>>> print(open('target38.pdb').read())   # PDB, C-alpha atoms, pLDDT in the B column
MODEL        1
ATOM      1  CA  MET A   1      15.886  12.192   8.111  1.00 58.00           C
ATOM      2  CA  ALA A   2      12.451  13.153   9.393  1.00 61.00           C
ATOM      3  CA  ARG A   3      10.310  10.538  11.049  1.00 62.00           C
ATOM      4  CA  ILE A   4       6.553  10.685  11.362  1.00 61.00           C
ATOM      5  CA  GLU A   5       5.321   9.319  14.668  1.00 65.00           C
ATOM      6  CA  PRO A   6       2.170   7.173  14.375  1.00 61.00           C
ATOM      7  CA  ASP A   7      -1.033   8.579  15.760  1.00 61.00           C
ATOM      8  CA  PRO A   8      -1.581   7.046  19.239  1.00 62.00           C
ATOM      9  CA  ILE A   9      -5.194   6.175  18.390  1.00 57.00           C
ATOM     10  CA  LEU A  10      -5.159   5.346  14.673  1.00 55.00           C
ATOM     11  CA  GLY A  11      -1.567   4.127  14.599  1.00 61.00           C
ATOM     12  CA  ARG A  12      -2.128   1.006  16.641  1.00 67.00           C
ATOM     13  CA  PRO A  13      -3.116  -2.363  15.175  1.00 71.00           C
ATOM     14  CA  ALA A  14      -6.367  -4.120  15.991  1.00 76.00           C
ATOM     15  CA  GLU A  15      -6.064  -6.529  18.909  1.00 80.00           C
ATOM     16  CA  LEU A  16      -6.423 -10.293  18.561  1.00 81.00           C
ATOM     17  CA  LEU A  17      -9.599 -11.791  19.981  1.00 83.00           C
ATOM     18  CA  PRO A  18      -9.367 -14.517  22.641  1.00 87.00           C
ATOM     19  CA  GLY A  19      -8.446 -17.776  20.930  1.00 88.00           C
ATOM     20  CA  GLU A  20      -7.639 -16.060  17.619  1.00 87.00           C
ATOM     21  CA  LYS A  21      -4.413 -17.272  16.006  1.00 93.00           C
ATOM     22  CA  LEU A  22      -2.063 -15.216  13.860  1.00 92.00           C
ATOM     23  CA  VAL A  23      -1.420 -16.876  10.483  1.00 93.00           C
ATOM     24  CA  THR A  24       0.931 -14.371   8.834  1.00 94.00           C
ATOM     25  CA  GLU A  25       1.844 -10.705   8.539  1.00 95.00           C
ATOM     26  CA  PHE A  26       2.104  -8.585   5.411  1.00 96.00           C
ATOM     27  CA  ARG A  27       4.874  -6.036   5.931  1.00 95.00           C
ATOM     28  CA  PRO A  28       5.662  -3.343   3.350  1.00 96.00           C
ATOM     29  CA  ASP A  29       8.889  -3.840   1.431  1.00 96.00           C
ATOM     30  CA  ALA A  30      11.279  -0.857   1.274  1.00 96.00           C
ATOM     31  CA  GLN A  31      12.568  -1.819  -2.181  1.00 96.00           C
ATOM     32  CA  VAL A  32       9.023  -1.891  -3.593  1.00 96.00           C
ATOM     33  CA  TYR A  33       8.329   1.448  -1.865  1.00 97.00           C
ATOM     34  CA  TRP A  34      11.312   3.165  -3.489  1.00 96.00           C
ATOM     35  CA  ARG A  35      10.665   1.533  -6.887  1.00 95.00           C
ATOM     36  CA  ALA A  36       7.079   2.849  -6.853  1.00 94.00           C
ATOM     37  CA  HIS A  37       8.330   6.353  -6.073  1.00 96.00           C
ATOM     38  CA  LEU A  38      10.996   6.133  -8.769  1.00 95.00           C
ATOM     39  CA  ILE A  39       8.354   5.180 -11.346  1.00 94.00           C
ATOM     40  CA  MET A  40       6.133   8.018 -10.144  1.00 94.00           C
ATOM     41  CA  ALA A  41       9.040  10.488 -10.367  1.00 95.00           C
ATOM     42  CA  VAL A  42       9.884   9.425 -13.929  1.00 94.00           C
ATOM     43  CA  ILE A  43       6.272   9.669 -15.116  1.00 95.00           C
ATOM     44  CA  LEU A  44       5.654  13.031 -13.434  1.00 95.00           C
ATOM     45  CA  GLY A  45       9.056  14.324 -14.565  1.00 95.00           C
ATOM     46  CA  VAL A  46       8.315  13.514 -18.195  1.00 96.00           C
ATOM     47  CA  GLY A  47       4.871  15.099 -17.828  1.00 96.00           C
ATOM     48  CA  ALA A  48       6.316  18.257 -16.269  1.00 95.00           C
ATOM     49  CA  GLY A  49       8.940  18.518 -19.015  1.00 95.00           C
ATOM     50  CA  LEU A  50       6.324  18.099 -21.739  1.00 96.00           C
ATOM     51  CA  VAL A  51       4.129  20.791 -20.198  1.00 95.00           C
ATOM     52  CA  LEU A  52       7.074  23.173 -20.053  1.00 95.00           C
ATOM     53  CA  LEU A  53       7.908  22.389 -23.701  1.00 96.00           C
ATOM     54  CA  TRP A  54       4.272  23.011 -24.669  1.00 96.00           C
ATOM     55  CA  LEU A  55       4.359  26.327 -22.803  1.00 96.00           C
ATOM     56  CA  GLN A  56       7.603  27.149 -24.693  1.00 96.00           C
ATOM     57  CA  ASN A  57       9.567  27.568 -21.490  1.00 94.00           C
ATOM     58  CA  PRO A  58      13.257  28.118 -22.257  1.00 93.00           C
ATOM     59  CA  TYR A  59      14.260  25.694 -19.467  1.00 94.00           C
ATOM     60  CA  PRO A  60      12.076  22.570 -19.842  1.00 92.00           C
ATOM     61  CA  VAL A  61      14.658  20.439 -18.015  1.00 93.00           C
ATOM     62  CA  LEU A  62      13.628  22.108 -14.756  1.00 94.00           C
ATOM     63  CA  GLY A  63      10.275  20.272 -14.868  1.00 92.00           C
ATOM     64  CA  PRO A  64      11.767  16.783 -14.568  1.00 93.00           C
ATOM     65  CA  VAL A  65      14.389  17.942 -12.063  1.00 95.00           C
ATOM     66  CA  GLY A  66      11.727  19.594  -9.887  1.00 94.00           C
ATOM     67  CA  ALA A  67       9.413  16.582 -10.098  1.00 94.00           C
ATOM     68  CA  VAL A  68      12.182  14.156  -9.119  1.00 94.00           C
ATOM     69  CA  LEU A  69      13.267  16.331  -6.193  1.00 96.00           C
ATOM     70  CA  ALA A  70       9.681  16.781  -4.969  1.00 95.00           C
ATOM     71  CA  ILE A  71       8.861  13.056  -5.160  1.00 96.00           C
ATOM     72  CA  ALA A  72      12.168  12.121  -3.493  1.00 95.00           C
ATOM     73  CA  ALA A  73      11.596  14.585  -0.640  1.00 95.00           C
ATOM     74  CA  ARG A  74       8.048  13.324  -0.103  1.00 94.00           C
ATOM     75  CA  ALA A  75       9.158   9.679  -0.242  1.00 95.00           C
ATOM     76  CA  ALA A  76      11.916  10.258   2.317  1.00 94.00           C
ATOM     77  CA  PHE A  77       9.563  12.095   4.672  1.00 93.00           C
ATOM     78  CA  VAL A  78       6.649   9.621   4.473  1.00 92.00           C
ATOM     79  CA  GLN A  79       8.782   6.448   4.425  1.00 93.00           C
ATOM     80  CA  SER A  80       8.676   5.791   8.171  1.00 89.00           C
ATOM     81  CA  GLU A  81       4.876   5.964   8.218  1.00 90.00           C
ATOM     82  CA  ALA A  82       4.305   4.003   5.004  1.00 91.00           C
ATOM     83  CA  LEU A  83       6.642   1.168   5.970  1.00 92.00           C
ATOM     84  CA  ALA A  84       5.007   0.848   9.399  1.00 90.00           C
ATOM     85  CA  GLU A  85       1.621  -0.215   7.969  1.00 92.00           C
ATOM     86  CA  VAL A  86       1.551  -3.913   8.793  1.00 93.00           C
ATOM     87  CA  TRP A  87      -1.470  -6.062   7.929  1.00 95.00           C
ATOM     88  CA  ARG A  88      -2.021  -9.313   9.837  1.00 95.00           C
ATOM     89  CA  LEU A  89      -4.001 -12.356   8.760  1.00 95.00           C
ATOM     90  CA  THR A  90      -5.510 -14.478  11.516  1.00 94.00           C
ATOM     91  CA  ASP A  91      -7.619 -17.598  11.349  1.00 93.00           C
ATOM     92  CA  ARG A  92     -10.731 -15.337  11.560  1.00 94.00           C
ATOM     93  CA  ARG A  93      -9.923 -11.835  10.306  1.00 94.00           C
ATOM     94  CA  LEU A  94      -7.659  -9.558   8.311  1.00 95.00           C
ATOM     95  CA  LEU A  95      -6.321  -6.861  10.642  1.00 94.00           C
ATOM     96  CA  GLY A  96      -4.963  -3.603   9.319  1.00 91.00           C
ATOM     97  CA  PRO A  97      -3.387  -0.443  10.643  1.00 89.00           C
ATOM     98  CA  GLY A  98      -5.591   1.994  12.498  1.00 84.00           C
ATOM     99  CA  GLY A  99      -7.657  -0.774  14.056  1.00 84.00           C
ATOM    100  CA  ARG A 100      -9.183  -1.885  10.739  1.00 89.00           C
ATOM    101  CA  ALA A 101     -10.581  -5.402  10.839  1.00 90.00           C
ATOM    102  CA  ILE A 102     -12.346  -7.434   8.164  1.00 92.00           C
ATOM    103  CA  THR A 103     -13.732 -10.843   9.017  1.00 93.00           C
ATOM    104  CA  LEU A 104     -12.771 -13.495   6.487  1.00 94.00           C
ATOM    105  CA  ALA A 105     -16.475 -14.055   5.781  1.00 93.00           C
ATOM    106  CA  GLN A 106     -16.726 -10.392   4.702  1.00 94.00           C
ATOM    107  CA  LEU A 107     -13.680 -10.552   2.435  1.00 94.00           C
ATOM    108  CA  GLN A 108     -15.193 -10.535  -1.050  1.00 93.00           C
ATOM    109  CA  ALA A 109     -12.193  -9.937  -3.304  1.00 94.00           C
ATOM    110  CA  ALA A 110      -8.431  -9.452  -3.225  1.00 95.00           C
ATOM    111  CA  ARG A 111      -6.724  -8.269  -6.393  1.00 95.00           C
ATOM    112  CA  PRO A 112      -3.127  -7.327  -7.169  1.00 94.00           C
ATOM    113  CA  PHE A 113      -2.939  -3.629  -8.039  1.00 89.00           C
ATOM    114  CA  LEU A 114       0.524  -2.424  -9.082  1.00 85.00           C
ATOM    115  CA  GLY A 115       2.674  -3.083  -5.964  1.00 88.00           C
ATOM    116  CA  ALA A 116      -0.333  -3.449  -3.679  1.00 95.00           C
ATOM    117  CA  VAL A 117      -3.307  -5.692  -3.025  1.00 96.00           C
ATOM    118  CA  GLN A 118      -6.781  -4.186  -3.161  1.00 96.00           C
ATOM    119  CA  VAL A 119      -9.051  -5.896  -0.641  1.00 95.00           C
ATOM    120  CA  THR A 120     -12.815  -5.461  -1.066  1.00 94.00           C
ATOM    121  CA  GLY A 121     -15.339  -6.343   1.611  1.00 93.00           C
ATOM    122  CA  THR A 122     -18.937  -7.450   1.081  1.00 92.00           C
ATOM    123  CA  THR A 123     -20.118  -3.990   2.173  1.00 91.00           C
ATOM    124  CA  GLY A 124     -18.046  -2.376  -0.599  1.00 90.00           C
ATOM    125  CA  ASP A 125     -15.290  -1.020   1.641  1.00 92.00           C
ATOM    126  CA  ARG A 126     -11.846  -1.142   0.043  1.00 94.00           C
ATOM    127  CA  HIS A 127      -8.392  -1.264   1.539  1.00 94.00           C
ATOM    128  CA  LEU A 128      -4.874  -1.335   0.085  1.00 95.00           C
ATOM    129  CA  ILE A 129      -2.140  -3.538   1.437  1.00 96.00           C
ATOM    130  CA  LYS A 130       0.690  -1.458  -0.011  1.00 96.00           C
ATOM    131  CA  TYR A 131       4.260  -2.129  -1.129  1.00 97.00           C
ATOM    132  CA  GLN A 132       4.139  -5.927  -1.298  1.00 96.00           C
ATOM    133  CA  PRO A 133       6.943  -7.774  -3.118  1.00 95.00           C
ATOM    134  CA  ASP A 134       4.496 -10.379  -4.505  1.00 95.00           C
ATOM    135  CA  PRO A 135       0.951  -8.927  -4.605  1.00 96.00           C
ATOM    136  CA  ALA A 136      -0.446 -11.909  -6.538  1.00 94.00           C
ATOM    137  CA  ALA A 137       0.691 -14.338  -3.811  1.00 95.00           C
ATOM    138  CA  VAL A 138      -0.824 -12.135  -1.082  1.00 95.00           C
ATOM    139  CA  ALA A 139      -4.150 -11.945  -2.966  1.00 95.00           C
ATOM    140  CA  PHE A 140      -4.124 -15.723  -3.471  1.00 95.00           C
ATOM    141  CA  LEU A 141      -3.431 -16.331   0.230  1.00 95.00           C
ATOM    142  CA  LEU A 142      -6.209 -13.944   1.326  1.00 95.00           C
ATOM    143  CA  LEU A 143      -8.792 -15.475  -1.005  1.00 94.00           C
ATOM    144  CA  THR A 144      -7.812 -18.992   0.028  1.00 93.00           C
ATOM    145  CA  ALA A 145      -8.073 -18.084   3.721  1.00 92.00           C
ATOM    146  CA  ALA A 146     -11.512 -16.576   3.101  1.00 89.00           C
ATOM    147  CA  GLY A 147     -12.689 -19.724   1.323  1.00 88.00           C
ATOM    148  CA  ARG A 148     -13.037 -17.928  -2.015  1.00 85.00           C
ATOM    149  CA  LYS A 149     -11.796 -19.412  -5.257  1.00 79.00           C
ATOM    150  CA  PRO A 150      -8.880 -17.401  -6.654  1.00 74.00           C
ATOM    151  CA  ARG A 151      -9.157 -16.568 -10.374  1.00 72.00           C
ATOM    152  CA  HIS A 152      -5.653 -17.737 -11.260  1.00 62.00           C
ATOM    153  CA  GLY A 153      -3.570 -20.444  -9.648  1.00 51.00           C
TER
ENDMDL
END
>>> encode(input="target38.pdb", output="structure tokens")
Amino acid sequence: MARIEPDPILGRPAELLPGEKLVTEFRPDAQVYWRAHLIMAVILGVGAGLVLLWLQNPYPVLGPVGAVLAIAARAAFVQSEALAEVWRLTDRRLLGPGGRAITLAQLQAARPFLGAVQVTGTTGDRHLIKYQPDPAAVAFLLLTAAGRKPRHG
């Protein structure tokens, strides 16, 4: 299977500051990754089949088959990169892949979004912590660490 090597500049995590303590890490879950791609393949397969039916193609089954094969090939190729995106929560900041860092004071919102958590900063920048097994728990933890009141829980 192909493996994408991380970019030597953007592929490295942000460094901890002196005295900064790591609280937890948010690692992508392979099962959530494959489930998301399966759902995408089913939806796009049905859509491709319907388009081929609408176009009166004599072989509409090729749409779903092609969509499933394309999504599976993409998922297999990108898996090593997608599952390497680790986010870390410290006592001061949220650190993401590619050197991204958001201070907890700048963390405005964290919302579950399908199998991910959408993090919004006070400047409007948005980030996705993808393929989390329990996005609601991650959002709750981030908001609690930032001193914000979670909506639920």
>>> closest_residue(input="target38.pdb", among="A:His37, A:Arg148, A:Arg74, A:Arg93", to="Leu17 in chain A", atoms="only C-alpha atoms")
A:Arg93
>>> residues_around(input="target38.pdb", residues="Arg27 in chain A", least_positions_apart="4", cutoff="9 Å", atoms="all atoms listed in the file", output="compact mmCIF listing (two decimals) with C-alpha atoms, in the coordinates of the input")
# COMPACT_ATOMS: atom_id res chain seq x y z
CA LEU A 83 6.64 1.17 5.97
CA ALA A 84 5.01 0.85 9.40
CA GLU A 85 1.62 -0.22 7.97
CA VAL A 86 1.55 -3.91 8.79
CA TRP A 87 -1.47 -6.06 7.93
CA ARG A 88 -2.02 -9.31 9.84
CA ILE A 129 -2.14 -3.54 1.44
CA LYS A 130 0.69 -1.46 -0.01
CA TYR A 131 4.26 -2.13 -1.13
CA GLN A 132 4.14 -5.93 -1.30
>>> residues_around(input="target38.pdb", residues="Pro135 in chain A", least_positions_apart="4", cutoff="12 Å", atoms="only C-alpha atoms", output="PDB file with C-alpha atoms, in the frame of the given file")
ATOM      1  CA  PHE A  26       2.104  -8.585   5.411  1.00 96.00           C
ATOM      2  CA  ARG A  27       4.874  -6.036   5.931  1.00 95.00           C
ATOM      3  CA  PRO A  28       5.662  -3.343   3.350  1.00 96.00           C
ATOM      4  CA  ASP A  29       8.889  -3.840   1.431  1.00 96.00           C
ATOM      5  CA  VAL A  32       9.023  -1.891  -3.593  1.00 96.00           C
ATOM      6  CA  ALA A 110      -8.431  -9.452  -3.225  1.00 95.00           C
ATOM      7  CA  ARG A 111      -6.724  -8.269  -6.393  1.00 95.00           C
ATOM      8  CA  PRO A 112      -3.127  -7.327  -7.169  1.00 94.00           C
ATOM      9  CA  PHE A 113      -2.939  -3.629  -8.039  1.00 89.00           C
ATOM     10  CA  LEU A 114       0.524  -2.424  -9.082  1.00 85.00           C
ATOM     11  CA  GLY A 115       2.674  -3.083  -5.964  1.00 88.00           C
ATOM     12  CA  ALA A 116      -0.333  -3.449  -3.679  1.00 95.00           C
ATOM     13  CA  VAL A 117      -3.307  -5.692  -3.025  1.00 96.00           C
ATOM     14  CA  GLN A 118      -6.781  -4.186  -3.161  1.00 96.00           C
ATOM     15  CA  VAL A 119      -9.051  -5.896  -0.641  1.00 95.00           C
ATOM     16  CA  LEU A 128      -4.874  -1.335   0.085  1.00 95.00           C
ATOM     17  CA  ILE A 129      -2.140  -3.538   1.437  1.00 96.00           C
ATOM     18  CA  LYS A 130       0.690  -1.458  -0.011  1.00 96.00           C
ATOM     19  CA  TYR A 131       4.260  -2.129  -1.129  1.00 97.00           C
ATOM     20  CA  ALA A 139      -4.150 -11.945  -2.966  1.00 95.00           C
ATOM     21  CA  PHE A 140      -4.124 -15.723  -3.471  1.00 95.00           C
ATOM     22  CA  LEU A 141      -3.431 -16.331   0.230  1.00 95.00           C
ATOM     23  CA  LEU A 142      -6.209 -13.944   1.326  1.00 95.00           C
TER      24      LEU A 142
END
>>> residues_around(input="target38.pdb", residues="range 62-67 of chain A", least_positions_apart="6", cutoff="10 Å", atoms="all atoms listed in the file", output="PyMOL selection string")
chain A and resi 40-53+73
>>> write_last_selection(input="target38.pdb", atoms="C-alpha atoms", output="PDB file, in the frame of the given file")
ATOM      1  CA  MET A  40       6.133   8.018 -10.144  1.00 94.00           C
ATOM      2  CA  ALA A  41       9.040  10.488 -10.367  1.00 95.00           C
ATOM      3  CA  VAL A  42       9.884   9.425 -13.929  1.00 94.00           C
ATOM      4  CA  ILE A  43       6.272   9.669 -15.116  1.00 95.00           C
ATOM      5  CA  LEU A  44       5.654  13.031 -13.434  1.00 95.00           C
ATOM      6  CA  GLY A  45       9.056  14.324 -14.565  1.00 95.00           C
ATOM      7  CA  VAL A  46       8.315  13.514 -18.195  1.00 96.00           C
ATOM      8  CA  GLY A  47       4.871  15.099 -17.828  1.00 96.00           C
ATOM      9  CA  ALA A  48       6.316  18.257 -16.269  1.00 95.00           C
ATOM     10  CA  GLY A  49       8.940  18.518 -19.015  1.00 95.00           C
ATOM     11  CA  LEU A  50       6.324  18.099 -21.739  1.00 96.00           C
ATOM     12  CA  VAL A  51       4.129  20.791 -20.198  1.00 95.00           C
ATOM     13  CA  LEU A  52       7.074  23.173 -20.053  1.00 95.00           C
ATOM     14  CA  LEU A  53       7.908  22.389 -23.701  1.00 96.00           C
ATOM     15  CA  ALA A  73      11.596  14.585  -0.640  1.00 95.00           C
TER      16      ALA A  73
END
>>> atom_distance(input="target38.pdb", atom1="CA of Gly19 in chain A", atom2="CA of Val138 in chain A")
24.0 Å
>>> closest_residue(input="target38.pdb", among="A:Ala136, A:Asn57, A:Tyr33, A:Thr144", to="Glu81 in chain A", atoms="all atoms listed in the file")
A:Tyr33
>>> resolve_selection(input="target38.pdb", expression="the PyMOL selection byres ((chain A and resi 90) around 9)", output="ChimeraX atom specification")
/A:16,20-25,88-89,91-95,104,145
>>> closest_residue(input="target38.pdb", among="A:Ala137, A:Ala101, A:Ala75, A:Leu107", to="Ala36 in chain A", atoms="only C-alpha atoms")
A:Ala75
>>> atom_distance(input="target38.pdb", atom1="CA of Thr103 in chain A", atom2="CA of Gly121 in chain A")
8.8 Å
>>> resolve_selection(input="target38.pdb", expression="the PyMOL selection byres ((chain A and resi 125) around 10)", output="PyMOL selection string")
chain A and resi 102+106-108+119-124+126-127
>>> atom_distance(input="target38.pdb", atom1="CA of Ala70 in chain A", atom2="CA of Ala82 in chain A")
17.1 Å
>>> build_atoms(input="target38.pdb", residues="range 111-122 of chain A", atoms="all heavy atoms", output="PDB file, keeping the file's coordinate frame")
ATOM      1  N   ARG A 111      -7.329  -8.346  -5.064  1.00 95.00           N
ATOM      2  CA  ARG A 111      -6.724  -8.269  -6.393  1.00 95.00           C
ATOM      3  C   ARG A 111      -5.379  -7.541  -6.332  1.00 95.00           C
ATOM      4  O   ARG A 111      -5.270  -6.508  -5.680  1.00 95.00           O
ATOM      5  CB  ARG A 111      -7.627  -7.474  -7.331  1.00 95.00           C
ATOM      6  CG  ARG A 111      -8.939  -8.134  -7.616  1.00 95.00           C
ATOM      7  CD  ARG A 111      -9.746  -7.299  -8.615  1.00 95.00           C
ATOM      8  NE  ARG A 111     -11.044  -7.892  -8.825  1.00 95.00           N
ATOM      9  CZ  ARG A 111     -12.119  -7.632  -8.098  1.00 95.00           C
ATOM     10  NH1 ARG A 111     -12.052  -6.784  -7.111  1.00 95.00           N
ATOM     11  NH2 ARG A 111     -13.269  -8.230  -8.357  1.00 95.00           N
ATOM     12  N   PRO A 112      -4.384  -8.065  -7.067  1.00 94.00           N
ATOM     13  CA  PRO A 112      -3.127  -7.327  -7.169  1.00 94.00           C
ATOM     14  C   PRO A 112      -3.375  -6.013  -7.913  1.00 94.00           C
ATOM     15  O   PRO A 112      -4.122  -5.975  -8.889  1.00 94.00           O
ATOM     16  CB  PRO A 112      -2.220  -8.242  -7.987  1.00 94.00           C
ATOM     17  CG  PRO A 112      -2.898  -9.554  -8.050  1.00 94.00           C
ATOM     18  CD  PRO A 112      -4.343  -9.339  -7.767  1.00 94.00           C
ATOM     19  N   PHE A 113      -2.782  -4.941  -7.427  1.00 89.00           N
ATOM     20  CA  PHE A 113      -2.939  -3.629  -8.039  1.00 89.00           C
ATOM     21  C   PHE A 113      -1.600  -2.916  -7.949  1.00 89.00           C
ATOM     22  O   PHE A 113      -1.234  -2.409  -6.890  1.00 89.00           O
ATOM     23  CB  PHE A 113      -4.047  -2.846  -7.319  1.00 89.00           C
ATOM     24  CG  PHE A 113      -4.290  -1.470  -7.863  1.00 89.00           C
ATOM     25  CD1 PHE A 113      -4.909  -1.312  -9.088  1.00 89.00           C
ATOM     26  CD2 PHE A 113      -3.899  -0.353  -7.163  1.00 89.00           C
ATOM     27  CE1 PHE A 113      -5.134  -0.053  -9.597  1.00 89.00           C
ATOM     28  CE2 PHE A 113      -4.120   0.912  -7.658  1.00 89.00           C
ATOM     29  CZ  PHE A 113      -4.743   1.067  -8.883  1.00 89.00           C
ATOM     30  N   LEU A 114      -0.839  -2.946  -9.044  1.00 85.00           N
ATOM     31  CA  LEU A 114       0.524  -2.424  -9.082  1.00 85.00           C
ATOM     32  C   LEU A 114       1.335  -3.127  -7.991  1.00 85.00           C
ATOM     33  O   LEU A 114       1.417  -4.337  -7.999  1.00 85.00           O
ATOM     34  CB  LEU A 114       0.522  -0.904  -8.969  1.00 85.00           C
ATOM     35  CG  LEU A 114      -0.281  -0.169 -10.052  1.00 85.00           C
ATOM     36  CD1 LEU A 114      -0.346   1.316  -9.768  1.00 85.00           C
ATOM     37  CD2 LEU A 114       0.277  -0.429 -11.437  1.00 85.00           C
ATOM     38  N   GLY A 115       1.890  -2.442  -7.018  1.00 88.00           N
ATOM     39  CA  GLY A 115       2.674  -3.083  -5.964  1.00 88.00           C
ATOM     40  C   GLY A 115       1.866  -3.313  -4.712  1.00 88.00           C
ATOM     41  O   GLY A 115       2.424  -3.481  -3.638  1.00 88.00           O
ATOM     42  N   ALA A 116       0.543  -3.320  -4.844  1.00 95.00           N
ATOM     43  CA  ALA A 116      -0.333  -3.449  -3.679  1.00 95.00           C
ATOM     44  C   ALA A 116      -1.384  -4.521  -3.941  1.00 95.00           C
ATOM     45  O   ALA A 116      -1.472  -5.077  -5.029  1.00 95.00           O
ATOM     46  CB  ALA A 116      -1.016  -2.109  -3.397  1.00 95.00           C
ATOM     47  N   VAL A 117      -2.168  -4.786  -2.904  1.00 96.00           N
ATOM     48  CA  VAL A 117      -3.307  -5.692  -3.025  1.00 96.00           C
ATOM     49  C   VAL A 117      -4.541  -4.913  -2.599  1.00 96.00           C
ATOM     50  O   VAL A 117      -4.577  -4.352  -1.504  1.00 96.00           O
ATOM     51  CB  VAL A 117      -3.145  -6.944  -2.134  1.00 96.00           C
ATOM     52  CG1 VAL A 117      -4.370  -7.837  -2.229  1.00 96.00           C
ATOM     53  CG2 VAL A 117      -1.894  -7.705  -2.522  1.00 96.00           C
ATOM     54  N   GLN A 118      -5.525  -4.857  -3.486  1.00 96.00           N
ATOM     55  CA  GLN A 118      -6.781  -4.186  -3.161  1.00 96.00           C
ATOM     56  C   GLN A 118      -7.727  -5.232  -2.580  1.00 96.00           C
ATOM     57  O   GLN A 118      -8.052  -6.216  -3.228  1.00 96.00           O
ATOM     58  CB  GLN A 118      -7.408  -3.550  -4.392  1.00 96.00           C
ATOM     59  CG  GLN A 118      -8.695  -2.830  -4.085  1.00 96.00           C
ATOM     60  CD  GLN A 118      -9.383  -2.322  -5.334  1.00 96.00           C
ATOM     61  OE1 GLN A 118      -9.460  -3.027  -6.328  1.00 96.00           O
ATOM     62  NE2 GLN A 118      -9.884  -1.105  -5.272  1.00 96.00           N
ATOM     63  N   VAL A 119      -8.141  -4.995  -1.342  1.00 95.00           N
ATOM     64  CA  VAL A 119      -9.051  -5.896  -0.641  1.00 95.00           C
ATOM     65  C   VAL A 119     -10.431  -5.237  -0.619  1.00 95.00           C
ATOM     66  O   VAL A 119     -10.558  -4.079  -0.227  1.00 95.00           O
ATOM     67  CB  VAL A 119      -8.559  -6.165   0.802  1.00 95.00           C
ATOM     68  CG1 VAL A 119      -9.538  -7.049   1.552  1.00 95.00           C
ATOM     69  CG2 VAL A 119      -7.177  -6.785   0.773  1.00 95.00           C
ATOM     70  N   THR A 120     -11.447  -5.977  -1.050  1.00 94.00           N
ATOM     71  CA  THR A 120     -12.815  -5.461  -1.066  1.00 94.00           C
ATOM     72  C   THR A 120     -13.676  -6.314  -0.152  1.00 94.00           C
ATOM     73  O   THR A 120     -13.663  -7.540  -0.245  1.00 94.00           O
ATOM     74  CB  THR A 120     -13.400  -5.492  -2.493  1.00 94.00           C
ATOM     75  OG1 THR A 120     -12.503  -4.808  -3.372  1.00 94.00           O
ATOM     76  CG2 THR A 120     -14.763  -4.826  -2.543  1.00 94.00           C
ATOM     77  N   GLY A 121     -14.426  -5.653   0.715  1.00 93.00           N
ATOM     78  CA  GLY A 121     -15.339  -6.343   1.611  1.00 93.00           C
ATOM     79  C   GLY A 121     -16.723  -6.459   0.998  1.00 93.00           C
ATOM     80  O   GLY A 121     -17.031  -5.819  -0.016  1.00 93.00           O
ATOM     81  N   THR A 122     -17.573  -7.256   1.596  1.00 92.00           N
ATOM     82  CA  THR A 122     -18.937  -7.450   1.081  1.00 92.00           C
ATOM     83  C   THR A 122     -19.775  -6.180   1.171  1.00 92.00           C
ATOM     84  O   THR A 122     -20.732  -6.019   0.429  1.00 92.00           O
ATOM     85  CB  THR A 122     -19.659  -8.580   1.842  1.00 92.00           C
ATOM     86  OG1 THR A 122     -19.600  -8.291   3.240  1.00 92.00           O
ATOM     87  CG2 THR A 122     -19.019  -9.928   1.561  1.00 92.00           C
TER      88      THR A 122
END
